[in-house]
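Data file: start.txt. Format and content: compact mmCIF, N, CA and C atoms.
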# COMPACT_ATOMS: atom_id res chain seq x y z
N MET A 177 0.85 -1.18 0.00
CA MET A 177 0.00 0.00 0.00
C MET A 177 0.89 1.24 0.00
N THR A 178 0.56 2.22 -0.82
CA THR A 178 1.37 3.43 -0.92
C THR A 178 0.94 4.41 0.16
N ASP A 179 1.78 5.44 0.36
CA ASP A 179 1.44 6.49 1.32
C ASP A 179 0.15 7.19 0.93
N ASP A 180 -0.05 7.42 -0.38
CA ASP A 180 -1.27 8.08 -0.85
C ASP A 180 -2.49 7.25 -0.52
N GLN A 181 -2.39 5.93 -0.68
CA GLN A 181 -3.53 5.07 -0.38
C GLN A 181 -3.85 5.09 1.10
N THR A 182 -2.84 5.08 1.95
CA THR A 182 -3.06 5.12 3.38
C THR A 182 -3.77 6.40 3.77
N ASP A 183 -3.31 7.55 3.26
CA ASP A 183 -3.97 8.82 3.55
C ASP A 183 -5.40 8.82 3.04
N ALA A 184 -5.62 8.30 1.85
CA ALA A 184 -6.96 8.28 1.27
C ALA A 184 -7.89 7.41 2.11
N ASP A 185 -7.39 6.28 2.58
CA ASP A 185 -8.20 5.40 3.41
C ASP A 185 -8.61 6.08 4.71
N GLU A 186 -7.72 6.91 5.26
CA GLU A 186 -8.02 7.61 6.50
C GLU A 186 -9.15 8.62 6.28
N LEU A 187 -9.26 9.21 5.09
CA LEU A 187 -10.23 10.25 4.82
C LEU A 187 -11.53 9.74 4.22
N ALA A 188 -11.52 8.56 3.65
CA ALA A 188 -12.68 8.07 2.91
C ALA A 188 -13.84 7.75 3.85
N PRO A 189 -15.03 8.32 3.54
CA PRO A 189 -16.20 7.99 4.35
C PRO A 189 -16.71 6.61 3.97
N PRO A 190 -17.53 6.00 4.84
CA PRO A 190 -18.11 4.72 4.47
C PRO A 190 -18.95 4.88 3.21
N ALA A 191 -18.90 3.91 2.33
CA ALA A 191 -19.65 3.98 1.08
C ALA A 191 -21.13 3.74 1.33
N PRO A 192 -21.99 4.75 1.05
CA PRO A 192 -23.41 4.55 1.25
C PRO A 192 -24.00 3.74 0.10
N ASP A 193 -25.15 3.12 0.36
CA ASP A 193 -25.89 2.47 -0.72
C ASP A 193 -26.41 3.57 -1.62
N ASP A 194 -26.34 3.38 -2.94
CA ASP A 194 -26.78 4.40 -3.87
C ASP A 194 -28.23 4.82 -3.63
N ASP A 195 -29.10 3.88 -3.25
CA ASP A 195 -30.51 4.17 -3.04
C ASP A 195 -30.74 5.05 -1.82
N SER A 196 -29.90 4.93 -0.79
CA SER A 196 -30.17 5.61 0.47
C SER A 196 -29.52 6.99 0.57
N LYS A 197 -28.65 7.35 -0.31
CA LYS A 197 -27.89 8.59 -0.17
C LYS A 197 -28.78 9.83 -0.05
N PRO A 198 -29.72 10.11 -0.97
CA PRO A 198 -30.53 11.31 -0.83
C PRO A 198 -31.37 11.31 0.44
N ALA A 199 -31.97 10.17 0.80
CA ALA A 199 -32.79 10.10 2.00
C ALA A 199 -31.93 10.30 3.25
N ASP A 200 -30.75 9.69 3.28
CA ASP A 200 -29.87 9.84 4.44
C ASP A 200 -29.43 11.28 4.61
N LEU A 201 -29.12 11.96 3.52
CA LEU A 201 -28.68 13.35 3.59
C LEU A 201 -29.82 14.24 4.07
N LYS A 202 -31.03 14.02 3.57
CA LYS A 202 -32.19 14.79 4.01
C LYS A 202 -32.43 14.55 5.49
N GLY A 203 -32.34 13.29 5.92
CA GLY A 203 -32.52 12.97 7.33
C GLY A 203 -31.48 13.63 8.20
N ALA A 204 -30.24 13.67 7.72
CA ALA A 204 -29.17 14.32 8.48
C ALA A 204 -29.45 15.81 8.64
N PHE A 205 -29.91 16.46 7.57
CA PHE A 205 -30.23 17.89 7.67
C PHE A 205 -31.46 18.11 8.54
N ASP A 206 -32.43 17.20 8.51
CA ASP A 206 -33.60 17.31 9.38
C ASP A 206 -33.18 17.25 10.85
N ARG A 207 -32.30 16.30 11.19
CA ARG A 207 -31.83 16.18 12.58
C ARG A 207 -31.00 17.39 12.99
N LEU A 208 -30.17 17.85 12.08
CA LEU A 208 -29.33 19.01 12.37
C LEU A 208 -30.19 20.25 12.61
N GLU A 209 -31.23 20.41 11.82
CA GLU A 209 -32.11 21.56 11.97
C GLU A 209 -32.79 21.56 13.34
N GLN A 210 -33.10 20.38 13.86
CA GLN A 210 -33.71 20.29 15.18
C GLN A 210 -32.75 20.72 16.29
N LEU A 211 -31.46 20.55 16.05
CA LEU A 211 -30.45 20.88 17.05
C LEU A 211 -29.97 22.33 16.99
N LEU A 212 -30.11 22.95 15.84
CA LEU A 212 -29.58 24.30 15.65
C LEU A 212 -30.68 25.35 15.72
N GLU A 213 -30.27 26.53 16.16
CA GLU A 213 -31.17 27.68 16.12
C GLU A 213 -30.50 28.72 15.23
N PHE A 214 -31.13 29.01 14.10
CA PHE A 214 -30.56 29.95 13.14
C PHE A 214 -30.96 31.37 13.53
N PRO A 215 -30.07 32.35 13.27
CA PRO A 215 -28.74 32.20 12.69
C PRO A 215 -27.79 31.51 13.67
N VAL A 216 -26.74 30.89 13.10
CA VAL A 216 -25.80 30.13 13.91
C VAL A 216 -24.39 30.20 13.31
N ASP A 217 -23.40 30.21 14.19
CA ASP A 217 -22.00 30.05 13.75
C ASP A 217 -21.75 28.56 13.70
N PHE A 218 -21.28 28.07 12.54
CA PHE A 218 -21.20 26.63 12.33
C PHE A 218 -19.87 26.26 11.69
N PRO A 219 -19.14 25.30 12.25
CA PRO A 219 -17.88 24.88 11.64
C PRO A 219 -18.13 23.79 10.58
N ILE A 220 -17.48 23.92 9.46
CA ILE A 220 -17.54 22.91 8.40
C ILE A 220 -16.11 22.50 8.07
N LYS A 221 -15.88 21.19 8.06
CA LYS A 221 -14.55 20.69 7.71
C LYS A 221 -14.59 20.15 6.28
N VAL A 222 -13.65 20.58 5.47
CA VAL A 222 -13.55 20.18 4.07
C VAL A 222 -12.17 19.57 3.86
N MET A 223 -12.15 18.36 3.30
CA MET A 223 -10.87 17.69 3.07
C MET A 223 -10.71 17.34 1.60
N GLY A 224 -9.50 17.51 1.12
CA GLY A 224 -9.20 17.19 -0.27
C GLY A 224 -7.71 17.05 -0.49
N ARG A 225 -7.34 16.69 -1.72
CA ARG A 225 -5.94 16.58 -2.09
C ARG A 225 -5.25 17.92 -1.88
N ARG A 226 -4.03 17.85 -1.44
CA ARG A 226 -3.26 19.08 -1.26
C ARG A 226 -2.71 19.49 -2.62
N VAL A 227 -3.44 20.37 -3.29
CA VAL A 227 -3.05 20.87 -4.61
C VAL A 227 -3.12 22.40 -4.59
N ASP A 228 -2.36 23.03 -5.48
CA ASP A 228 -2.39 24.48 -5.58
C ASP A 228 -3.81 24.95 -5.86
N GLY A 229 -4.24 25.95 -5.12
CA GLY A 229 -5.54 26.56 -5.37
C GLY A 229 -6.71 25.92 -4.65
N PHE A 230 -6.49 24.80 -3.95
CA PHE A 230 -7.60 24.12 -3.28
C PHE A 230 -8.27 25.04 -2.25
N ALA A 231 -7.49 25.59 -1.33
CA ALA A 231 -8.06 26.46 -0.29
C ALA A 231 -8.71 27.69 -0.91
N GLN A 232 -8.09 28.26 -1.93
CA GLN A 232 -8.64 29.46 -2.60
C GLN A 232 -10.00 29.15 -3.23
N GLN A 233 -10.10 28.01 -3.92
CA GLN A 233 -11.37 27.65 -4.55
C GLN A 233 -12.47 27.42 -3.52
N ILE A 234 -12.13 26.78 -2.41
CA ILE A 234 -13.11 26.52 -1.36
C ILE A 234 -13.53 27.84 -0.71
N ALA A 235 -12.59 28.74 -0.50
CA ALA A 235 -12.91 30.05 0.06
C ALA A 235 -13.86 30.82 -0.85
N GLU A 236 -13.60 30.81 -2.16
CA GLU A 236 -14.46 31.52 -3.11
C GLU A 236 -15.86 30.92 -3.14
N LEU A 237 -15.94 29.60 -3.13
CA LEU A 237 -17.23 28.92 -3.13
C LEU A 237 -18.01 29.28 -1.85
N THR A 238 -17.32 29.28 -0.72
CA THR A 238 -17.96 29.61 0.55
C THR A 238 -18.45 31.06 0.55
N CYS A 239 -17.65 31.98 0.04
CA CYS A 239 -18.06 33.39 -0.02
C CYS A 239 -19.28 33.59 -0.92
N ALA A 240 -19.43 32.75 -1.94
CA ALA A 240 -20.60 32.85 -2.81
C ALA A 240 -21.88 32.52 -2.05
N HIS A 241 -21.78 31.64 -1.06
CA HIS A 241 -22.95 31.25 -0.26
C HIS A 241 -23.10 32.07 1.02
N VAL A 242 -21.97 32.51 1.56
CA VAL A 242 -21.96 33.28 2.81
C VAL A 242 -21.09 34.52 2.55
N PRO A 243 -21.69 35.58 1.99
CA PRO A 243 -20.90 36.75 1.57
C PRO A 243 -20.03 37.37 2.66
N GLU A 244 -20.44 37.28 3.92
CA GLU A 244 -19.65 37.89 4.99
C GLU A 244 -18.52 36.97 5.49
N PHE A 245 -18.37 35.79 4.90
CA PHE A 245 -17.31 34.87 5.30
C PHE A 245 -15.95 35.50 5.04
N ASP A 246 -15.06 35.37 6.03
CA ASP A 246 -13.69 35.91 5.91
C ASP A 246 -12.72 34.75 5.67
N PRO A 247 -12.20 34.62 4.46
CA PRO A 247 -11.27 33.52 4.16
C PRO A 247 -10.04 33.48 5.06
N ALA A 248 -9.69 34.60 5.68
CA ALA A 248 -8.52 34.63 6.57
C ALA A 248 -8.76 33.79 7.83
N THR A 249 -10.01 33.42 8.10
CA THR A 249 -10.32 32.62 9.29
C THR A 249 -10.22 31.12 9.05
N ILE A 250 -9.93 30.71 7.82
CA ILE A 250 -9.83 29.28 7.51
C ILE A 250 -8.64 28.67 8.27
N GLU A 251 -8.90 27.55 8.94
CA GLU A 251 -7.83 26.80 9.60
C GLU A 251 -7.40 25.68 8.65
N LEU A 252 -6.09 25.59 8.40
CA LEU A 252 -5.55 24.58 7.49
C LEU A 252 -4.70 23.57 8.25
N ARG A 253 -4.87 22.29 7.90
CA ARG A 253 -4.03 21.23 8.47
C ARG A 253 -3.69 20.25 7.37
N SER A 254 -2.43 19.88 7.30
CA SER A 254 -1.98 18.87 6.34
C SER A 254 -2.02 17.49 6.98
N SER A 255 -2.20 16.47 6.15
CA SER A 255 -2.12 15.09 6.64
C SER A 255 -0.67 14.79 7.02
N ALA A 256 -0.47 13.66 7.66
CA ALA A 256 0.86 13.28 8.12
C ALA A 256 1.89 13.28 6.99
N ARG A 257 1.48 12.86 5.82
CA ARG A 257 2.41 12.80 4.68
C ARG A 257 2.23 13.97 3.71
N SER A 258 1.43 14.94 4.12
CA SER A 258 1.20 16.17 3.34
C SER A 258 0.56 15.93 1.98
N ASN A 259 -0.17 14.82 1.82
CA ASN A 259 -0.86 14.56 0.57
C ASN A 259 -2.27 15.14 0.57
N TRP A 260 -2.83 15.37 1.75
CA TRP A 260 -4.20 15.84 1.90
C TRP A 260 -4.20 17.11 2.73
N LEU A 261 -5.23 17.94 2.53
CA LEU A 261 -5.37 19.18 3.27
C LEU A 261 -6.77 19.25 3.86
N SER A 262 -6.83 19.59 5.13
CA SER A 262 -8.10 19.75 5.83
C SER A 262 -8.31 21.24 6.08
N LEU A 263 -9.48 21.74 5.72
CA LEU A 263 -9.84 23.14 5.95
C LEU A 263 -11.00 23.17 6.93
N THR A 264 -10.91 24.00 7.94
CA THR A 264 -12.04 24.22 8.83
C THR A 264 -12.56 25.61 8.57
N LEU A 265 -13.82 25.68 8.16
CA LEU A 265 -14.47 26.95 7.83
C LEU A 265 -15.48 27.25 8.93
N SER A 266 -15.37 28.40 9.56
CA SER A 266 -16.37 28.82 10.54
C SER A 266 -17.27 29.83 9.84
N VAL A 267 -18.51 29.42 9.61
CA VAL A 267 -19.44 30.25 8.84
C VAL A 267 -20.63 30.67 9.69
N HIS A 268 -21.13 31.85 9.45
CA HIS A 268 -22.33 32.35 10.13
C HIS A 268 -23.49 32.15 9.16
N LEU A 269 -24.35 31.20 9.50
CA LEU A 269 -25.45 30.81 8.60
C LEU A 269 -26.78 31.35 9.09
N GLN A 270 -27.60 31.75 8.13
CA GLN A 270 -28.91 32.33 8.44
C GLN A 270 -30.03 31.29 8.44
N SER A 271 -29.83 30.17 7.73
CA SER A 271 -30.93 29.21 7.58
C SER A 271 -30.41 27.82 7.22
N ARG A 272 -31.29 26.85 7.39
CA ARG A 272 -30.98 25.48 6.96
C ARG A 272 -30.72 25.47 5.45
N ARG A 273 -31.52 26.21 4.73
CA ARG A 273 -31.37 26.26 3.27
C ARG A 273 -29.96 26.70 2.87
N GLN A 274 -29.46 27.72 3.56
CA GLN A 274 -28.11 28.21 3.27
C GLN A 274 -27.07 27.14 3.61
N LEU A 275 -27.22 26.48 4.75
CA LEU A 275 -26.31 25.42 5.14
C LEU A 275 -26.33 24.27 4.14
N GLU A 276 -27.52 23.84 3.77
CA GLU A 276 -27.66 22.71 2.85
C GLU A 276 -27.09 23.04 1.48
N SER A 277 -27.34 24.23 1.01
CA SER A 277 -26.82 24.66 -0.29
C SER A 277 -25.29 24.69 -0.30
N LEU A 278 -24.71 25.26 0.75
CA LEU A 278 -23.24 25.31 0.86
C LEU A 278 -22.67 23.91 0.95
N TYR A 279 -23.24 23.07 1.80
CA TYR A 279 -22.75 21.70 1.98
C TYR A 279 -22.78 20.94 0.66
N ARG A 280 -23.90 21.01 -0.04
CA ARG A 280 -24.04 20.26 -1.29
C ARG A 280 -23.04 20.72 -2.35
N GLU A 281 -22.83 22.03 -2.44
CA GLU A 281 -21.88 22.52 -3.44
C GLU A 281 -20.45 22.15 -3.06
N LEU A 282 -20.12 22.23 -1.78
CA LEU A 282 -18.78 21.80 -1.35
C LEU A 282 -18.57 20.32 -1.66
N ALA A 283 -19.55 19.49 -1.34
CA ALA A 283 -19.44 18.05 -1.56
C ALA A 283 -19.31 17.70 -3.04
N ALA A 284 -19.88 18.53 -3.91
CA ALA A 284 -19.85 18.27 -5.35
C ALA A 284 -18.57 18.79 -6.01
N HIS A 285 -17.79 19.59 -5.29
CA HIS A 285 -16.57 20.17 -5.87
C HIS A 285 -15.59 19.05 -6.24
N PRO A 286 -14.99 19.12 -7.42
CA PRO A 286 -14.12 18.03 -7.87
C PRO A 286 -12.85 17.80 -7.03
N LEU A 287 -12.39 18.80 -6.31
CA LEU A 287 -11.19 18.63 -5.48
C LEU A 287 -11.50 18.15 -4.07
N VAL A 288 -12.79 18.14 -3.71
CA VAL A 288 -13.18 17.78 -2.34
C VAL A 288 -13.41 16.29 -2.23
N LYS A 289 -12.84 15.71 -1.17
CA LYS A 289 -13.00 14.28 -0.88
C LYS A 289 -14.08 14.07 0.18
N VAL A 290 -14.09 14.91 1.22
CA VAL A 290 -15.00 14.75 2.35
C VAL A 290 -15.45 16.12 2.85
N VAL A 291 -16.72 16.24 3.24
CA VAL A 291 -17.23 17.42 3.92
C VAL A 291 -17.91 16.93 5.21
N LEU A 292 -17.51 17.52 6.31
CA LEU A 292 -18.10 17.16 7.62
C LEU A 292 -18.69 18.39 8.27
Same coordinates, now as structure tokens:
Amino acid sequence: MTDDQTDADELAPPAPDDDSKPADLKGAFDRLEQLLEFPVDFPIKVMGRRVDGFAQQIAELTCAHVPEFDPATIELRSSARSNWLSLTLSVHLQSRRQLESLYRELAAHPLVKVVL
């Protein structure tokens, strides 16, 4: 096993059944909405390959959904072998809709491996 594979295995989420993915995601947002009172400051962790421009692209995407987001507040951490980069974004969200929209777009980004 290569170093890249080991790092990837550490970051890979469990593989969901294709049929359950939309229902599970809706259920997760339903439960989250019950726990949160909007507006709320909410941390989002985004993980992906450590490539040039990754943090910049995630910052721009986040600003598109949360205009008052300050990219200077992003916390960055590299994996043990520096193949992966973890970003922690602290965002001030006004609604579940805003959270869900941001989460879905982050998860769909081609450089993103995991969003928590």
- Which protein, DNA or RNA residues are at most 6 Å from (-11.5, 26.4, 10.8) in the file's coordinates when you count only N, CA and C atoms, listed as a list in words? Thr249, Ile250, Glu251, Leu252, Leu263, Thr264, Leu265 and Ser266 of chain A
- Task: Please indicate the distance in Å from atom C of Lys289 in chain A to atom N of Gly224 in chain A, rounded to one decimal place.
- Result: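 Those two atoms sit 5.8 Å apart.
Distances here use only C-alpha atoms; by that measure, the residue among A:His285, A:Arg207, A:Lys202, A:His268 closest to His241 in chain A is A:His268.
With distances restricted to only C-alpha atoms, A:Leu287 is the closest residue to Asp228 in chain A from A:Leu201, A:Leu287, A:Asp206, A:Leu292.
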Using the file's own x, y and z axes, so that the box edges lie along x, y and z, what centre and edge lengths in Å (one decimal) does a box around every listed atom of range 200-218 of chain A get when 4 Å is added on each side? Give it as AutoDock Vina command-line options.
--center_x -26.8 --center_y 21.0 --center_z 10.2 --size_x 21.8 --size_y 30.7 --size_z 21.8
- Check the smallest atom-to-atom distance from each of A:Leu269, A:Val216, A:Leu237, A:Ala204 to Leu282 in chain A using all atoms listed in the file, then report the winner.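 Nearest candidate to Leu282 in chain A out of A:Leu269, A:Val216, A:Leu237, A:Ala204: A:Leu237.
Of the residues under consideration (A:Lys221, A:Arg280, A:Arg273, A:Arg226), A:Arg226 shows the shortest atom-to-atom contact distance to Trp260 in chain A when counting only C-alpha atoms.
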- Item | Pairwise distance for atom N of Arg225 in chain A and atom C of Gly203 in chain A, rounded to one decimal in Å |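 Computing the Euclidean distance for atom N of Arg225 in chain A and atom C of Gly203 in chain A yields 26.3 Å.
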- Query: atom N of Phe218 in chain A to atom C of Pro243 in chain A: how many Å, to one decimal?
  - Reply: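 Taking atom N of Phe218 in chain A as the start and atom C of Pro243 in chain A as the end point, the length is 13.6 Å.
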- Message: Which of range 191-273 of chain A end up as helix (DSSP H, G or I) when DSSP is run on this backbone - answer as a PyMOL selection string?
- Response: chain A and resi 197-211+230-241+247-249+272-273
- Task: From the DSSP assignment of the backbone, select every residue of range 217-277 of chain A that is strand (DSSP E), and format the answer as number ranges by chain.
- Result: A: 217-225, 251-254, 260-269
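With distances restricted to only C-alpha atoms, A:Met223 is the closest residue to Ala283 in chain A from A:Pro215, A:Met223, A:Ala248, A:Gly229.
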- Query: Which residue gives the smallest distance to Gln274 in chain A among A:Val242, A:Val290, A:Leu261, A:Val222, with all atoms listed in the file counted?
  - Reply: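 Looking only at the distances to Gln274 in chain A, the closest residue turns out to be A:Val242.
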Block slice range 200-279 of chain A, C-alpha atoms, emitted as a compact mmCIF listing (two decimals), in the first residue's frame:
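Result saved to decode.txt:
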# COMPACT_ATOMS: atom_id res chain seq x y z
CA ASP A 200 -29.87 9.84 4.44
CA LEU A 201 -28.68 13.35 3.59
CA LYS A 202 -32.19 14.79 4.01
CA GLY A 203 -32.52 12.97 7.33
CA ALA A 204 -29.17 14.32 8.48
CA PHE A 205 -30.23 17.89 7.67
CA ASP A 206 -33.60 17.31 9.38
CA ARG A 207 -31.83 16.18 12.58
CA LEU A 208 -29.33 19.01 12.37
CA GLU A 209 -32.11 21.56 11.97
CA GLN A 210 -33.71 20.29 15.18
CA LEU A 211 -30.45 20.88 17.05
CA LEU A 212 -29.58 24.30 15.65
CA GLU A 213 -31.17 27.68 16.12
CA PHE A 214 -30.56 29.95 13.14
CA PRO A 215 -28.74 32.20 12.69
CA VAL A 216 -25.80 30.13 13.91
CA ASP A 217 -22.00 30.05 13.75
CA PHE A 218 -21.20 26.63 12.33
CA PRO A 219 -17.88 24.88 11.64
CA ILE A 220 -17.54 22.91 8.40
CA LYS A 221 -14.55 20.69 7.71
CA VAL A 222 -13.55 20.18 4.07
CA MET A 223 -10.87 17.69 3.07
CA GLY A 224 -9.20 17.19 -0.27
CA ARG A 225 -5.94 16.58 -2.09
CA ARG A 226 -3.26 19.08 -1.26
CA VAL A 227 -3.05 20.87 -4.61
CA ASP A 228 -2.39 24.48 -5.58
CA GLY A 229 -5.54 26.56 -5.37
CA PHE A 230 -7.60 24.12 -3.28
CA ALA A 231 -8.06 26.46 -0.29
CA GLN A 232 -8.64 29.46 -2.60
CA GLN A 233 -11.37 27.65 -4.55
CA ILE A 234 -13.11 26.52 -1.36
CA ALA A 235 -12.91 30.05 0.06
CA GLU A 236 -14.46 31.52 -3.11
CA LEU A 237 -17.23 28.92 -3.13
CA THR A 238 -17.96 29.61 0.55
CA CYS A 239 -18.06 33.39 -0.02
CA ALA A 240 -20.60 32.85 -2.81
CA HIS A 241 -22.95 31.25 -0.26
CA VAL A 242 -21.96 33.28 2.81
CA PRO A 243 -20.90 36.75 1.57
CA GLU A 244 -19.65 37.89 4.99
CA PHE A 245 -17.31 34.87 5.30
CA ASP A 246 -13.69 35.91 5.91
CA PRO A 247 -11.27 33.52 4.16
CA ALA A 248 -8.52 34.63 6.57
CA THR A 249 -10.32 32.62 9.29
CA ILE A 250 -9.83 29.28 7.51
CA GLU A 251 -7.83 26.80 9.60
CA LEU A 252 -5.55 24.58 7.49
CA ARG A 253 -4.03 21.23 8.47
CA SER A 254 -1.98 18.87 6.34
CA SER A 255 -2.12 15.09 6.64
CA ALA A 256 0.86 13.28 8.12
CA ARG A 257 2.41 12.80 4.68
CA SER A 258 1.20 16.17 3.34
CA ASN A 259 -0.86 14.56 0.57
CA TRP A 260 -4.20 15.84 1.90
CA LEU A 261 -5.37 19.18 3.27
CA SER A 262 -8.10 19.75 5.83
CA LEU A 263 -9.84 23.14 5.95
CA THR A 264 -12.04 24.22 8.83
CA LEU A 265 -14.47 26.95 7.83
CA SER A 266 -16.37 28.82 10.54
CA VAL A 267 -19.44 30.25 8.84
CA HIS A 268 -22.33 32.35 10.13
CA LEU A 269 -25.45 30.81 8.60
CA GLN A 270 -28.91 32.33 8.44
CA SER A 271 -30.93 29.21 7.58
CA ARG A 272 -30.98 25.48 6.96
CA ARG A 273 -31.37 26.26 3.27
CA GLN A 274 -28.11 28.21 3.27
CA LEU A 275 -26.31 25.42 5.14
CA GLU A 276 -27.66 22.71 2.85
CA SER A 277 -26.82 24.66 -0.29
CA LEU A 278 -23.24 25.31 0.86
CA TYR A 279 -22.75 21.70 1.98
